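Chemist: Please find one structure pasted underneath; my questions will follow.
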Amino acid sequence: MARKRQNRRRVKPEDRVKAIREVGTHGLRVWGPRVALAAVGLAIPYAIYVGYFHVISGPTFLLKTIEVSGVERLSEEDVLEASGVSANMNIFDVEILKVEESVEAMPWVKDALVERELPDTLRVRIDEWSPEMVLVDSGYQLVGDNGKVFKTIDPQDNVDELLALPILTGLTSSDLEKESGRELFQEAKVALQAFRAEGLEEFVALSEVHVDPILGVSLVAMDGGCEIRLGTGKMPERMKRLRVVLSRLQDEGETAEYILLDHESELGRVIVGRTGWASKDASQPNRQ
């Protein structure tokens, strides 16, 4: 038996158009503000970025001033050349850490600090090495206050000034790379500082500071080569006793071949080998 065709309501074309319009209007009403808000949210950061990039890349931030301070032995031109920085660079293109590393690689530079000062100034502050002694090892090498060998003397340096520093013997540059070698250097440095603090340069000019892991520190006079053996520790006290000895030798118009102040417990015990006295009896040195 044939099925009866169900009657379906025919939708008028104008009603269909009206329904589509209602759906579109509802969607626009719901999603329109969201889409607009998203567009604004994306547009504002982009506009800020474009504006920021335009400002920082403009002429306002081109380097006009590069200040170098703290140089004595180096020239500002040498520092600027090593830094790789020049005028009219954008200040934000300067890689601070890279510039500091490049400047610190220069022989006389102990430390470098580079700072931006907006909008157009770069400051390079230099801390130069102060040589304490001259180490003779593969050339004449300058030793800083921490025992680091930082430069070999070359003809461009003030050779006379640098070679007037005491010569450090008993150590090599490889020794100074070790903790034990740096400890011996520090002992020599303390002895030299105590010698100067006591004003003993008025009595004797030093040519050499010698260190030995067993005997400790010895100072060698420039004139006559008198050895002043100090041992280790209590350097200010030993220098006060040395002043007494040198003053007496000066008053008596005599010189010494050696002065031993290295006794560990008896700082007042000093042995002096006087020049000329040894020819009479070298087996028993004179005692002060």
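By order in the structure tokens, chains are A, B, ...; within a chain, residues start at 1; ligands start at 1, following the order shown.
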Set the distance at 7 Å and use only C-alpha atoms: which residues neighbour Leu63 of chain A once local chain neighbours fewer than 4 positions away are removed? I'd like the list as a list in words.

Modeler: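 Once the adjacent positions are removed, what remains is Ala87, Asn88, Met89, Asn90, Ile91, Asp120 and Thr121 of chain A.
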
Chemist: Near Gly225 of chain A, within 12 Å and counting only C-alpha atoms, which residues show up once chain neighbours fewer than 4 positions away are dropped, as a list of chain:residue names?

Modeler: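 Here the answer would be A:Val204, A:Ala205, A:Leu206, A:Ser207, A:Glu208, A:Val209, A:Ser218, A:Leu219, A:Val220, A:Ala221, A:Thr255, A:Ala256, A:Glu257, A:Tyr258, A:Ile259, A:Thr275.
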
Chemist: For Leu97 of chain A, work out the shell of residues within 12 Å, counting only C-alpha atoms and skipping chain neighbours fewer than 6 positions away, then give it as a PyMOL selection string.

Modeler: chain A and resi 83+103-104+112-116+124

Chemist: Write the residues of the preceding selection, restricted to N, CA, C and O atoms, as a tab-separated table (two decimals), in the first residue's frame.

Modeler:
chain	number	residue	atom	x	y	z
A	83	SER	N	87.84	49.32	22.15
A	83	SER	CA	86.43	49.14	22.47
A	83	SER	C	85.57	48.86	21.25
A	83	SER	O	84.52	48.22	21.34
A	103	VAL	N	88.19	45.93	26.31
A	103	VAL	CA	89.07	46.90	26.97
A	103	VAL	C	89.94	46.21	28.02
A	103	VAL	O	91.12	46.51	28.17
A	104	GLU	N	89.37	45.27	28.77
A	104	GLU	CA	90.12	44.57	29.81
A	104	GLU	C	91.21	43.67	29.24
A	104	GLU	O	92.10	43.25	29.95
A	112	ALA	N	87.53	47.33	33.79
A	112	ALA	CA	86.84	48.34	32.98
A	112	ALA	C	85.36	48.30	33.27
A	112	ALA	O	84.77	47.23	33.43
A	113	LEU	N	84.76	49.49	33.35
A	113	LEU	CA	83.32	49.61	33.58
A	113	LEU	C	82.76	50.54	32.51
A	113	LEU	O	83.21	51.67	32.36
A	114	VAL	N	81.76	50.06	31.77
A	114	VAL	CA	81.14	50.83	30.69
A	114	VAL	C	79.69	51.10	31.07
A	114	VAL	O	78.96	50.18	31.45
A	115	GLU	N	79.28	52.36	30.97
A	115	GLU	CA	77.92	52.76	31.35
A	115	GLU	C	77.31	53.65	30.28
A	115	GLU	O	77.99	54.51	29.72
A	116	ARG	N	76.01	53.44	30.01
A	116	ARG	CA	75.25	54.33	29.13
A	116	ARG	C	74.67	55.47	29.95
A	116	ARG	O	74.21	55.26	31.07
A	124	VAL	N	83.39	55.23	29.84
A	124	VAL	CA	84.30	54.09	29.99
A	124	VAL	C	85.27	54.42	31.12
A	124	VAL	O	86.10	55.31	30.99

Chemist: Need to verify the contact set: segment 129-134 of chain A, 9 Å, only C-alpha atoms, exclusion of same-chain residues closer than 5 positions in sequence. Can you return it as a PyMOL selection string?

Modeler: chain A and resi 107-111+140-145+147+150+162-169+189+208-209

Chemist: Could you find all residues in segment 71-279 of chain A that DSSP calls strand (DSSP E or B) from the backbone, and write them as a PyMOL selection string?

Modeler: chain A and resi 90+109-117+121-128+133-136+140-143+149-152+167-169+206-212+216-221+227-231+256-260+271-274

Chemist: From the set A:Met239, A:Leu261, A:Leu215, A:Met106, which residue has the shortest atom-to-atom contact distance to Phe195 of chain A, counting only C-alpha atoms?

Modeler: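 Of A:Met239, A:Leu261, A:Leu215, A:Met106, the one nearest Phe195 of chain A is A:Met239, counting only C-alpha atoms.
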
Chemist: If DSSP is run on the backbone, what residues of segment 54-131 of chain A are alpha helix (DSSP H)? A reply as a PyMOL selection string would be ideal.

Modeler: chain A and resi 54-56+76-83+96-104

Chemist: Produce a file of the selected residues containing N, CA and C atoms, as an mmCIF file, in the first residue's frame.

Modeler:
data_model
loop_
_atom_site.group_PDB
_atom_site.id
_atom_site.type_symbol
_atom_site.label_atom_id
_atom_site.label_comp_id
_atom_site.auth_asym_id
_atom_site.auth_seq_id
_atom_site.Cartn_x
_atom_site.Cartn_y
_atom_site.Cartn_z
ATOM 1 N N HIS A 54 60.821 53.365 16.251
ATOM 2 C CA HIS A 54 61.128 54.581 15.491
ATOM 3 C C HIS A 54 61.918 55.573 16.346
ATOM 4 N N VAL A 55 61.551 55.665 17.638
ATOM 5 C CA VAL A 55 62.225 56.628 18.517
ATOM 6 C C VAL A 55 63.656 56.194 18.813
ATOM 7 N N ILE A 56 63.840 54.930 19.238
ATOM 8 C CA ILE A 56 65.177 54.505 19.668
ATOM 9 C C ILE A 56 66.147 54.386 18.496
ATOM 10 N N GLU A 76 93.492 57.676 25.572
ATOM 11 C CA GLU A 76 92.060 57.526 25.302
ATOM 12 C C GLU A 76 91.838 56.938 23.913
ATOM 13 N N GLU A 77 92.693 57.330 22.962
ATOM 14 C CA GLU A 77 92.537 56.831 21.593
ATOM 15 C C GLU A 77 92.724 55.317 21.544
ATOM 16 N N ASP A 78 93.704 54.798 22.304
ATOM 17 C CA ASP A 78 93.930 53.352 22.320
ATOM 18 C C ASP A 78 92.726 52.623 22.918
ATOM 19 N N VAL A 79 92.157 53.188 23.978
ATOM 20 C CA VAL A 79 91.004 52.559 24.619
ATOM 21 C C VAL A 79 89.810 52.548 23.672
ATOM 22 N N LEU A 80 89.563 53.660 22.985
ATOM 23 C CA LEU A 80 88.434 53.726 22.058
ATOM 24 C C LEU A 80 88.614 52.743 20.903
ATOM 25 N N GLU A 81 89.848 52.628 20.432
ATOM 26 C CA GLU A 81 90.102 51.691 19.330
ATOM 27 C C GLU A 81 89.845 50.256 19.777
ATOM 28 N N ALA A 82 90.278 49.933 20.986
ATOM 29 C CA ALA A 82 90.068 48.577 21.503
ATOM 30 C C ALA A 82 88.593 48.298 21.759
ATOM 31 N N SER A 83 87.845 49.323 22.146
ATOM 32 C CA SER A 83 86.426 49.136 22.473
ATOM 33 C C SER A 83 85.570 48.862 21.246
ATOM 34 N N ILE A 96 77.524 46.273 26.030
ATOM 35 C CA ILE A 96 78.297 46.700 27.190
ATOM 36 C C ILE A 96 79.325 45.649 27.615
ATOM 37 N N LEU A 97 78.892 44.420 27.814
ATOM 38 C CA LEU A 97 79.796 43.375 28.291
ATOM 39 C C LEU A 97 80.917 43.097 27.299
ATOM 40 N N LYS A 98 80.588 43.121 26.025
ATOM 41 C CA LYS A 98 81.596 42.875 24.997
ATOM 42 C C LYS A 98 82.642 43.985 24.988
ATOM 43 N N VAL A 99 82.205 45.232 25.152
ATOM 44 C CA VAL A 99 83.138 46.359 25.195
ATOM 45 C C VAL A 99 84.046 46.242 26.415
ATOM 46 N N GLU A 100 83.481 45.899 27.567
ATOM 47 C CA GLU A 100 84.286 45.744 28.786
ATOM 48 C C GLU A 100 85.332 44.659 28.611
ATOM 49 N N GLU A 101 84.954 43.533 28.023
ATOM 50 C CA GLU A 101 85.906 42.441 27.804
ATOM 51 C C GLU A 101 87.024 42.866 26.852
ATOM 52 N N SER A 102 86.683 43.611 25.818
ATOM 53 C CA SER A 102 87.692 44.049 24.849
ATOM 54 C C SER A 102 88.684 45.008 25.492
ATOM 55 N N VAL A 103 88.192 45.930 26.310
ATOM 56 C CA VAL A 103 89.073 46.902 26.967
ATOM 57 C C VAL A 103 89.942 46.214 28.021
ATOM 58 N N GLU A 104 89.369 45.271 28.771
ATOM 59 C CA GLU A 104 90.121 44.571 29.810
ATOM 60 C C GLU A 104 91.207 43.671 29.236
#

Chemist: Suppose you want the space between atom CA of His210 of chain A and atom CA of Gly170 of chain A; what is it in Å?

Modeler: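 Taking atom CA of His210 of chain A and atom CA of Gly170 of chain A, their separation equals 5.6 Å.
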
Chemist: Set the distance at 10 Å and use only C-alpha atoms: which residues neighbour Pro236 of chain A once local chain neighbours fewer than 4 positions away are removed? I'd like the list as a list in words.

Modeler: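 Near neighbours after the sequence-gap exclusion: Val190, Ala191, Gln193, Ala194, Phe195, Ala197, Glu198, Lys240, Arg241 and Leu242 of chain A.
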
Chemist: Set the distance at 9 Å and use only C-alpha atoms: which residues neighbour Arg238 of chain A once local chain neighbours fewer than 5 positions away are removed? I'd like the list as a list in words.

Modeler: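 Counting only the stated atoms, we get Ala194, Leu230, Gly233, Arg243, Leu261, Asp262, Leu267 and Gly268 of chain A.
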
Chemist: What's around Glu252 of chain A at 12 Å? Count only C-alpha atoms, leave out sequence neighbours fewer than 6 positions away in its own chain, and write the answer as a list in words.

Modeler: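 What passes the distance filter is Val245, Leu246 and Arg274 of chain A.
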
Chemist: What does the distance between atom CA of Leu122 of chain A and atom CA of Lys151 of chain A come to in Å, to one decimal place?

Modeler: 27.7 Å

Chemist: Could you check how far atom CA of Asn158 of chain A sits from atom CA of Arg73 of chain A, in Å to one decimal?

Modeler: 9.3 Å
